[in-house]
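Asker: Dropping the structure in here first, questions after.
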Amino acid sequence: MTVAGVNDESPSRGERVRRGLIEAAFRIIAEQGVAGISHRAVARESGTSHGLVTYHFGAIEGLLRATMEYVGAANLADQERYFPQLDAATSAEQLVAVLTRNAERRLVKNRDMGLALMELRLAAARNAELRPLVREWGRGYTLRVAAALQRLGAASPREDAAEITALISGLVVDQLSLPRPRFLSAVLQPALVRRVRASLN
């Protein structure tokens, strides 16, 4: 699986090999979690050699960091295409609809991405050196949600945006671990309606 959204303009052979190793690591993380990552596992998944993984990344921490950077870049590129919809929201209902559709498209229907993000967040919980990468993942998204809330009249848009994005993440993780029918219409959307309306009252 290729992670959508990353710049594909004429990469060199070395860059293509490196990307292939990162994408192999991403697939393993989505299927087995971070615990499944090893030089041999990535070499096997990518159809290359143990030595090639070591050459490009050194210790496994280097591969993990590179995978987190790659996933972050893919998400940023994807969100840049999504932001105009967020900017166009002129009511609480429109904002909730956009937030719900984005969570569905990016994290629920794209289960591999949702699972990989969850696993990589857990890796950052155990390794403080990875936390700046996770923090950077959501910075642009949260600021854009805050701007939308501010346009709609929220008194504390940044604080509200942080809580709304955390609410989405938590509910998506819950859905990935315990799938429920009608998650979007019966769980995520009603929760967002309540939270967005609270920020505007």
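Ordering of the structure tokens sets the chain letters (A, B, ...), residue numbers begin anew at 1 in every chain, and ligands are numbered from 1 in the order given.
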Among stretch 2-201 of chain A, which ones does DSSP assign to alpha helix (DSSP H) (computed from the backbone)? Answer as number ranges by chain.

Answerer: A: 13-32, 39-46, 50-57, 60-87, 92-103, 111-126, 131-151, 157-177, 183, 189-200

Asker: Deliver the residues from the most recent selection as a file, using C-alpha atoms, as a short mmCIF file (atom, residue, chain, number, x, y, z; two decimals), in the first residue's frame.

Answerer:
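And here's again.cif as it stands now:
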data_model
loop_
_atom_site.label_atom_id
_atom_site.label_comp_id
_atom_site.auth_asym_id
_atom_site.auth_seq_id
_atom_site.Cartn_x
_atom_site.Cartn_y
_atom_site.Cartn_z
CA ARG A 13 16.38 5.26 -7.03
CA GLY A 14 17.64 5.66 -3.47
CA GLU A 15 14.56 7.67 -2.55
CA ARG A 16 12.30 5.03 -4.12
CA VAL A 17 14.00 2.27 -2.14
CA ARG A 18 13.76 4.29 1.06
CA ARG A 19 10.08 5.03 0.46
CA GLY A 20 9.39 1.37 -0.27
CA LEU A 21 10.94 0.43 3.08
CA ILE A 22 8.87 3.05 4.90
CA GLU A 23 5.68 1.87 3.19
CA ALA A 24 6.51 -1.69 4.20
CA ALA A 25 6.94 -0.51 7.79
CA PHE A 26 3.58 1.30 7.56
CA ARG A 27 1.82 -1.89 6.42
CA ILE A 28 3.37 -3.89 9.25
CA ILE A 29 2.36 -1.27 11.82
CA ALA A 30 -1.23 -1.27 10.53
CA GLU A 31 -1.40 -5.08 10.67
CA GLN A 32 0.69 -5.94 13.73
CA HIS A 39 14.82 -5.03 10.24
CA ARG A 40 14.04 -8.56 9.07
CA ALA A 41 10.27 -8.02 9.03
CA VAL A 42 10.59 -4.85 6.94
CA ALA A 43 13.08 -6.53 4.59
CA ARG A 44 10.70 -9.45 4.12
CA GLU A 45 7.66 -7.21 3.57
CA SER A 46 9.51 -5.00 1.07
CA HIS A 50 18.16 -6.81 6.08
CA GLY A 51 21.32 -4.89 5.21
CA LEU A 52 19.43 -2.43 3.02
CA VAL A 53 17.08 -1.51 5.87
CA THR A 54 20.07 -0.97 8.16
CA TYR A 55 21.89 1.07 5.50
CA HIS A 56 19.00 3.52 5.08
CA PHE A 57 17.82 3.83 8.69
CA ILE A 60 14.92 0.51 14.19
CA GLU A 61 14.18 3.84 15.91
CA GLY A 62 15.38 5.60 12.77
CA LEU A 63 12.92 3.65 10.64
CA LEU A 64 10.11 4.36 13.09
CA ARG A 65 10.86 8.08 13.06
CA ALA A 66 11.01 8.12 9.26
CA THR A 67 7.66 6.31 9.08
CA MET A 68 6.09 8.85 11.43
CA GLU A 69 7.47 11.72 9.32
CA TYR A 70 6.16 10.11 6.15
CA VAL A 71 2.68 9.52 7.56
CA GLY A 72 2.64 13.08 8.88
CA ALA A 73 3.55 14.46 5.45
CA ALA A 74 0.85 12.34 3.80
CA ASN A 75 -1.77 13.57 6.24
CA LEU A 76 -0.70 17.19 5.82
CA ALA A 77 -0.93 16.94 2.03
CA ASP A 78 -4.35 15.32 2.32
CA GLN A 79 -5.59 17.97 4.75
CA GLU A 80 -4.45 20.77 2.47
CA ARG A 81 -6.94 19.45 -0.10
CA TYR A 82 -9.63 19.21 2.58
CA PHE A 83 -9.14 22.61 4.22
CA PRO A 84 -11.21 24.61 1.66
CA GLN A 85 -14.30 22.65 2.77
CA LEU A 86 -13.54 23.54 6.37
CA ASP A 87 -13.02 27.19 5.48
CA ALA A 92 -22.37 24.73 13.16
CA GLU A 93 -24.21 22.11 11.11
CA GLN A 94 -21.94 22.59 8.10
CA LEU A 95 -18.83 22.46 10.26
CA VAL A 96 -19.97 19.22 11.91
CA ALA A 97 -20.78 17.68 8.52
CA VAL A 98 -17.30 18.51 7.21
CA LEU A 99 -15.56 17.20 10.34
CA THR A 100 -17.59 13.98 10.22
CA ARG A 101 -16.94 13.34 6.52
CA ASN A 102 -13.22 13.92 6.97
CA ALA A 103 -12.98 11.51 9.91
CA ARG A 111 -8.65 1.56 8.39
CA ASP A 112 -4.92 1.05 7.82
CA MET A 113 -4.27 4.76 8.30
CA GLY A 114 -6.47 4.90 11.40
CA LEU A 115 -4.73 1.91 12.96
CA ALA A 116 -1.25 3.13 12.03
CA LEU A 117 -1.89 6.55 13.53
CA MET A 118 -3.16 4.95 16.73
CA GLU A 119 -0.14 2.66 16.99
CA LEU A 120 2.33 5.46 16.28
CA ARG A 121 0.69 7.65 18.92
CA LEU A 122 1.14 4.83 21.41
CA ALA A 123 4.80 4.59 20.39
CA ALA A 124 5.16 8.30 21.21
CA ALA A 125 3.52 7.67 24.58
CA ARG A 126 6.44 5.37 25.38
CA ARG A 131 6.26 13.22 20.72
CA PRO A 132 7.19 16.37 18.76
CA LEU A 133 6.30 14.51 15.56
CA VAL A 134 2.87 13.54 16.87
CA ARG A 135 2.31 17.07 18.15
CA GLU A 136 3.13 18.46 14.71
CA TRP A 137 0.68 16.05 12.99
CA GLY A 138 -2.41 17.79 14.28
CA ARG A 139 -1.19 21.36 14.65
CA GLY A 140 -2.38 22.65 11.27
CA TYR A 141 -5.68 20.80 11.48
CA THR A 142 -6.46 22.11 14.96
CA LEU A 143 -5.61 25.68 13.98
CA ARG A 144 -7.91 25.44 10.95
CA VAL A 145 -10.77 24.11 13.08
CA ALA A 146 -10.11 26.97 15.53
CA ALA A 147 -10.34 29.49 12.68
CA ALA A 148 -13.69 28.01 11.61
CA LEU A 149 -14.99 28.20 15.18
CA GLN A 150 -13.81 31.78 15.52
CA ARG A 151 -15.69 32.76 12.36
CA PRO A 157 -11.78 28.80 19.57
CA ARG A 158 -8.32 27.32 20.19
CA GLU A 159 -9.30 25.50 23.35
CA ASP A 160 -12.53 24.30 21.76
CA ALA A 161 -10.71 23.13 18.61
CA ALA A 162 -8.22 21.12 20.69
CA GLU A 163 -11.07 19.43 22.56
CA ILE A 164 -13.04 18.74 19.37
CA THR A 165 -10.06 17.13 17.63
CA ALA A 166 -9.36 15.05 20.74
CA LEU A 167 -13.01 13.98 20.79
CA ILE A 168 -12.79 12.86 17.16
CA SER A 169 -9.57 10.94 17.79
CA GLY A 170 -10.96 9.20 20.85
CA LEU A 171 -14.20 8.16 19.18
CA VAL A 172 -12.37 6.92 16.09
CA VAL A 173 -10.01 4.81 18.22
CA ASP A 174 -13.04 3.39 20.01
CA GLN A 175 -14.66 2.56 16.67
CA LEU A 176 -11.51 0.88 15.34
CA SER A 177 -11.30 -1.34 18.41
CA PHE A 183 -21.04 4.94 13.92
CA GLN A 189 -21.98 13.24 14.40
CA PRO A 190 -24.25 13.66 17.47
CA ALA A 191 -21.20 14.03 19.74
CA LEU A 192 -19.74 16.69 17.46
CA VAL A 193 -23.06 18.54 17.25
CA ARG A 194 -23.20 18.74 21.04
CA ARG A 195 -19.57 19.86 21.37
CA VAL A 196 -19.63 22.43 18.57
CA ARG A 197 -22.89 23.93 19.80
CA ALA A 198 -21.44 24.16 23.32
CA SER A 199 -18.49 26.16 21.98
CA LEU A 200 -20.84 28.60 20.25
#

Asker: Between atom CA of A:Thr90 and atom CA of A:Leu152, what is the spacing in Å?

Answerer: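 Interatomic distance, atom CA of A:Leu152 to atom CA of A:Thr90: 6.9 Å.
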